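Here is input_11.txt, consisting of compact mmCIF, C-alpha atoms:
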```txt
# COMPACT_ATOMS: atom_id res chain seq x y z
CA MET I 1 185.89 79.10 -122.92
CA ASP I 2 183.08 78.70 -125.44
CA THR I 3 179.37 78.22 -124.77
CA VAL I 4 179.49 74.42 -125.08
CA ASP I 5 182.32 74.13 -122.54
CA ARG I 6 180.50 76.37 -120.10
CA LYS I 7 177.34 74.32 -120.47
CA ASN I 8 179.25 71.06 -119.86
CA LEU I 9 180.87 72.49 -116.74
CA GLU I 10 177.52 73.70 -115.47
CA ASN I 11 175.97 70.27 -116.09
CA LYS I 12 178.80 68.56 -114.20
CA LYS I 13 178.38 70.96 -111.29
CA ASN I 14 174.63 70.33 -111.20
CA ASP I 15 175.17 66.56 -111.28
CA ARG I 16 177.66 66.79 -108.41
CA MET I 17 175.28 68.94 -106.37
CA ALA I 18 172.44 66.48 -107.01
CA LYS I 19 174.56 63.58 -105.79
CA GLU I 20 175.56 65.49 -102.65
CA LYS I 21 171.95 66.35 -101.87
CA SER I 22 170.84 62.76 -102.46
CA LYS I 23 173.11 61.42 -99.71
CA PRO I 24 170.94 60.39 -96.74
CA GLU I 25 171.27 62.41 -93.55
CA ARG I 26 171.31 61.10 -90.00
CA MET I 27 170.29 62.84 -86.78
CA CYS I 28 171.86 62.88 -83.34
CA ILE I 29 169.36 61.60 -80.77
CA CYS I 30 170.79 63.99 -78.16
CA CYS I 31 170.95 67.41 -79.85
CA ARG I 32 168.88 66.61 -82.99
CA ARG I 33 171.58 67.95 -85.32
CA LYS I 34 171.34 66.53 -88.84
CA SER I 35 174.30 65.72 -91.06
CA LYS I 36 176.05 62.92 -92.99
CA LYS I 37 176.41 59.72 -90.99
CA SER I 38 180.21 59.91 -91.06
CA GLU I 39 180.01 62.87 -88.66
CA PHE I 40 178.32 60.72 -86.01
CA PHE I 41 178.99 57.72 -83.81
CA ARG I 42 176.63 54.81 -84.43
CA ILE I 43 175.13 52.89 -81.53
CA SER I 44 173.76 49.45 -82.43
CA GLU I 45 171.59 46.99 -80.57
CA GLN I 46 173.28 43.62 -80.13
CA ASN I 47 172.11 40.74 -77.97
CA GLY I 48 169.76 43.02 -76.07
CA LYS I 49 172.45 45.61 -75.34
CA TYR I 50 173.55 48.85 -77.00
CA ILE I 51 177.13 48.92 -78.22
CA PHE I 52 179.42 51.48 -79.86
CA ASP I 53 179.46 50.39 -83.51
CA ARG I 54 182.80 51.99 -84.34
CA GLU I 55 182.97 50.85 -87.96
CA MET I 56 179.20 51.01 -88.59
CA LYS I 57 179.13 47.40 -89.72
CA VAL I 58 176.76 45.77 -87.23
CA GLN I 59 173.66 44.54 -89.05
CA ALA I 60 171.11 45.64 -86.48
CA ARG I 61 168.92 48.52 -85.43
CA GLY I 62 170.84 51.56 -84.30
CA PHE I 63 170.94 55.30 -83.81
CA TYR I 64 173.45 58.13 -84.05
CA VAL I 65 175.10 60.59 -81.69
CA CYS I 66 177.45 63.53 -82.35
CA LYS I 67 181.19 63.01 -81.91
CA THR I 68 181.31 65.42 -78.99
CA ASN I 69 181.81 64.98 -75.26
CA GLU I 70 178.63 66.96 -74.64
CA CYS I 71 176.39 64.59 -76.62
CA VAL I 72 178.09 61.45 -75.28
CA GLU I 73 177.51 62.76 -71.74
CA ARG I 74 173.86 63.43 -72.55
CA LEU I 75 173.61 59.92 -73.96
CA SER I 76 174.92 58.50 -70.69
CA LYS I 77 171.92 60.08 -68.92
CA ASN I 78 169.36 58.94 -71.48
CA ARG I 79 166.79 56.70 -69.76
CA LYS I 80 165.53 55.13 -72.97
CA TYR I 81 168.94 53.93 -74.18
CA LYS I 82 170.84 52.44 -71.27
CA ILE I 83 174.41 52.10 -72.45
CA GLU I 84 177.11 50.47 -70.36
CA ILE I 85 179.95 52.67 -69.14
CA GLU I 86 182.48 50.63 -71.15
CA GLN I 87 180.83 51.67 -74.42
CA LEU I 88 180.66 55.32 -73.35
CA VAL I 89 184.37 55.26 -72.47
CA LYS I 90 185.18 53.89 -75.94
CA MET I 91 183.35 56.82 -77.53
CA ALA I 92 185.08 59.34 -75.27
CA GLU I 93 188.47 57.82 -76.14
CA GLN I 94 187.66 58.01 -79.86
CA ILE I 95 186.75 61.70 -79.53
CA LYS I 96 190.06 62.38 -77.81
CA PHE I 97 191.98 60.38 -80.43
CA GLU I 98 190.36 62.11 -83.41
CA LYS I 99 190.81 65.52 -81.85
CA LYS I 100 194.51 64.94 -81.35
CA SER I 101 195.07 63.38 -84.73
CA ILE I 102 193.94 66.30 -86.91
CA ILE I 103 195.87 68.81 -84.78
CA ASP I 104 198.97 66.62 -84.96
CA ILE I 105 198.58 66.41 -88.74
CA LEU I 106 198.39 70.19 -89.05
CA LYS I 107 201.35 70.95 -86.78
CA PRO I 108 204.15 70.36 -89.34
CA MET I 109 202.39 72.56 -91.89
CA LYS I 110 201.12 75.35 -89.61
CA ASN I 111 203.20 77.95 -91.51
CA SER I 112 202.01 76.72 -94.90
CA GLU I 113 200.90 79.19 -97.55
CA TYR I 114 197.92 76.97 -98.34
CA PHE I 115 195.81 78.09 -95.37
CA VAL I 116 193.07 80.71 -95.35
CA PHE I 117 191.91 82.21 -92.04
CA GLY I 118 188.75 84.08 -91.14
CA ILE I 119 185.05 83.51 -91.76
CA ASP I 120 184.52 86.00 -94.58
CA GLU I 121 187.68 85.19 -96.53
CA THR I 122 187.04 81.45 -96.22
CA ILE I 123 183.45 81.82 -97.44
CA ASP I 124 184.67 83.91 -100.37
CA ARG I 125 187.26 81.26 -101.32
CA VAL I 126 184.68 78.48 -100.98
CA LYS I 127 182.29 80.27 -103.35
CA LYS I 128 185.12 80.73 -105.84
CA GLY I 129 185.79 76.98 -105.72
CA LYS I 130 189.28 77.39 -104.27
CA VAL I 131 188.94 76.11 -100.69
CA LYS I 132 188.18 72.38 -100.59
CA LEU I 133 188.73 71.53 -96.91
CA LEU I 134 187.65 73.36 -93.75
CA ILE I 135 188.77 72.84 -90.17
CA ILE I 136 185.99 74.13 -87.91
CA PRO I 137 185.85 74.24 -84.09
CA ARG I 138 182.54 73.00 -82.71
CA ASP I 139 182.41 75.82 -80.14
CA ILE I 140 182.25 78.76 -82.57
CA ARG I 141 178.89 80.49 -83.02
CA ALA I 142 176.25 78.09 -84.28
CA LYS I 143 175.20 80.42 -87.10
CA TYR I 144 178.65 80.08 -88.69
CA ILE I 145 178.55 76.28 -88.56
CA GLU I 146 175.07 76.35 -90.09
CA GLU I 147 176.27 78.70 -92.83
CA PHE I 148 179.16 76.41 -93.77
CA GLU I 149 176.90 73.36 -93.75
CA LYS I 150 174.52 75.15 -96.12
CA LEU I 151 177.43 76.12 -98.37
CA LYS I 152 178.46 72.47 -98.42
CA GLU I 153 175.15 71.63 -100.09
CA ASN I 154 176.08 73.79 -103.08
CA PHE I 155 179.87 73.60 -103.21
CA ASN I 156 182.20 70.63 -103.23
CA PHE I 157 184.35 70.70 -100.08
CA GLU I 158 184.99 68.67 -96.93
CA ILE I 159 184.71 69.60 -93.24
CA ILE I 160 186.71 68.30 -90.28
CA PHE I 161 185.56 69.41 -86.84
CA VAL I 162 187.81 69.96 -83.84
CA GLU I 163 186.39 70.22 -80.35
CA LYS I 164 187.63 73.65 -79.25
CA LYS I 165 188.60 76.91 -80.96
CA GLU I 166 191.44 77.21 -78.44
CA GLU I 167 193.19 74.26 -80.12
CA LEU I 168 193.54 76.22 -83.38
CA ILE I 169 194.53 79.40 -81.54
CA ARG I 170 197.37 77.55 -79.81
CA LEU I 171 198.45 75.91 -83.04
CA PHE I 172 198.50 79.01 -85.25
CA SER I 173 199.22 81.61 -82.52
CA ARG I 174 196.38 83.81 -83.74
CA ASN I 175 192.64 84.22 -83.26
CA VAL I 176 191.12 81.53 -85.49
CA ASN I 177 187.43 80.75 -86.09
CA VAL I 178 187.93 78.57 -89.14
CA VAL I 179 190.79 77.32 -91.31
CA GLY I 180 190.38 76.83 -95.05
CA ILE I 181 192.82 74.75 -97.10
CA PHE I 182 193.01 75.09 -100.88
CA ASN I 183 195.91 72.98 -102.16
CA LYS I 184 194.61 69.67 -103.55
CA LYS I 185 197.76 67.68 -102.73
CA VAL I 186 197.83 69.00 -99.16
CA ILE I 187 194.14 68.19 -98.72
CA LYS I 188 194.56 64.68 -100.14
CA GLY I 189 197.44 64.09 -97.73
CA ILE I 190 195.46 65.32 -94.73
CA LEU I 191 192.41 63.20 -95.57
CA SER I 192 194.49 60.07 -96.14
CA LYS I 193 196.23 60.53 -92.77
CA VAL I 194 192.93 61.08 -91.00
CA GLU I 195 191.60 57.83 -92.46
CA VAL I 196 194.73 55.86 -91.56
CA MET I 197 195.03 57.26 -88.04
CA ASN I 198 191.36 56.80 -87.21
CA GLY I 199 191.11 53.40 -88.85
CA TRP I 200 187.83 54.36 -90.53
CA LYS I 201 186.59 57.08 -92.83
CA CYS I 202 185.58 60.12 -90.86
CA MET I 203 184.85 62.45 -93.75
CA ASN I 204 181.71 62.86 -95.85
```

Rewrite the structure from the file as C-alpha cells, please.
Amino acid sequence: MDTVDRKNLENKKNDRMAKEKSKPERMCICCRRKSKKSEFFRISEQNGKYIFDREMKVQARGFYVCKTNECVERLSKNRKYKIEIEQLVKMAEQIKFEKKSIIDILKPMKNSEYFVFGIDETIDRVKKGKVKLLIIPRDIRAKYIEEFEKLKENFNFEIIFVEKKEELIRLFSRNVNVVGIFNKKVIKGILSKVEVMNGWKCMN
C-alpha cells in the first residue's frame, strides 16, 4: 500500500470517528449513564401523562431510562415522574422480549468459528479492526463496560447488551464475560434479525 492509499484510509477513519463522536448522547434519569439514545427507552409526556414511547416518535417532551429491570424499577419509585403501572409493565415486557431474542438468535450458531471469547482477546481484535459486534452482559464489572464504550468512540463496532452473564454461560457452556463476532455476513444477519424481532432499531 503506497503513501497516498494510507493517507486516504486514515482520512476515512478520521471522518468515521468524527461522525460517531458527533452523534448526540442521552442520559438515563435513574442511573445517569450516558450513551446513544437507541440503548434507552424513551418516556414521553402525552395529555398530562407519561407514556412508554416505544418507537420514539411522539412529538413531545420526554426523557430516557436504561433498558434494564433495575432502572425501570427505580423509575417506578420516582416521585417526580409518576408513571402508570401499565406503562412500566410494557417496558418490563420489552426487556424480556429483547433479552430472549438475541439469545435465541445466537443459539443456532453457538459453535460457530466466528466468535471470540474473553476480555483481552476481544479488545485486541477490536483494535485490529476485526471484531465488529460485541455481546456484553450488563452485570459484568463496570470498568469493562466503560472500556468497551470508550473503544467504541475510536473503532467502528456495535454493542448488544444482554441482562445477565449467566445467559451466555448457559448458551456457550463456558465462562463468558463478552462475546466478539467478526464475520460481516454473520453480523449483518444478527442485526437484521434483532431489528425485525424487536420491531424497531435497537442498535447504535

Q.
Given all atoms listed in the file as the basis, pick out the residue of I:Leu168, I:Val58, I:Val65, I:Ile181 nearest to I:Ala92.
A. I:Val65

Q | Among listed residues I:Ile140, I:Glu146, I:Asp53, I:Tyr114, nearest I:Arg33 (using only C-alpha atoms) | A | I:Glu146

**Q.** Polymer residues at most 9 Å from I:Leu171, only C-alpha atoms, same-chain spacing of 3 or more positions, as a list in words
**A.**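 Skipping anything fewer than 3 positions along the chain leaves Ile103, Leu106, Lys107, Lys110, Glu166, Glu167, Leu168 and Arg174 of chain I.
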
Q. Atom CA of I:Ile43 and atom CA of I:Ile102, how far apart in Å?
A.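 Atom CA of I:Ile43 lies 23.7 Å from atom CA of I:Ile102.
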
Q | Atom pair atom CA of I:Ile105 / atom CA of I:Ser192: separation (Å) | A | 10.6 Å

Q.
Could you tell me how far atom CA of I:Leu191 sits from atom CA of I:Ser173, in Å to one decimal place?
A.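 Atom CA of I:Leu191 lies at a distance of 23.6 Å from atom CA of I:Ser173.
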
**Q.** For I:Lys150, the nearest of the candidates I:Val89, I:Val126, I:Glu39, I:Met27, counting all atoms listed in the file
**A.**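 Checking each of I:Val89, I:Val126, I:Glu39, I:Met27 against I:Lys150, counting all atoms listed in the file, the winner is I:Val126.
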
Test item: axis-aligned box, all listed atoms of stretch 133-142 of chain I, 6 Å on each side, centre and edges in Å rounded to one decimal, as lines of an AutoDock Vina configuration file:
```
center_x = 182.5
center_y = 76.0
center_z = -88.5
size_x = 24.5
size_y = 21.0
size_z = 28.8
```

Q | Counting all atoms listed in the file, the option among I:Glu153, I:Glu93, I:Glu158, I:Asp120 closest to I:Ile190 | A | I:Glu158

Q: Give as a PyMOL selection string the set of residues within 12 Å of the point (183.6, 49.1, -81.3), where distances use the file's coordinates and only C-alpha atoms.
A: chain I and resi 41-44+46+50-58+86-94+199-200

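Proximity to I:Ile160 was assessed for I:Val72, I:Val176, I:Lys67, I:Asn111 counting all atoms listed in the file; the smallest distance is recorded for I:Lys67.
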
**Q.** Proximity to I:Val131 - best of I:Lys184, I:Lys164, I:Lys37, I:Arg74, only C-alpha atoms
**A.**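 Ranking I:Lys184, I:Lys164, I:Lys37, I:Arg74 by distance to I:Val131, first place goes to I:Lys184.
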
(Q) Given the point (186.0, 75.0, -106.0) in the coordinates of this file, which residues lie within 9 Å, counting all atoms listed in the file, and how would they look as a PyMOL selection string? (A) chain I and resi 125-132+155-157+182

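When the distance limit is 10 Å and all atoms listed in the file are what count, the residues near I:Tyr81, minus those fewer than 3 positions from it on the same chain, are Ile43, Glu45, Lys49, Tyr50, Phe63, Leu75, Ser76, Lys77, Asn78 and Glu84 of chain I.
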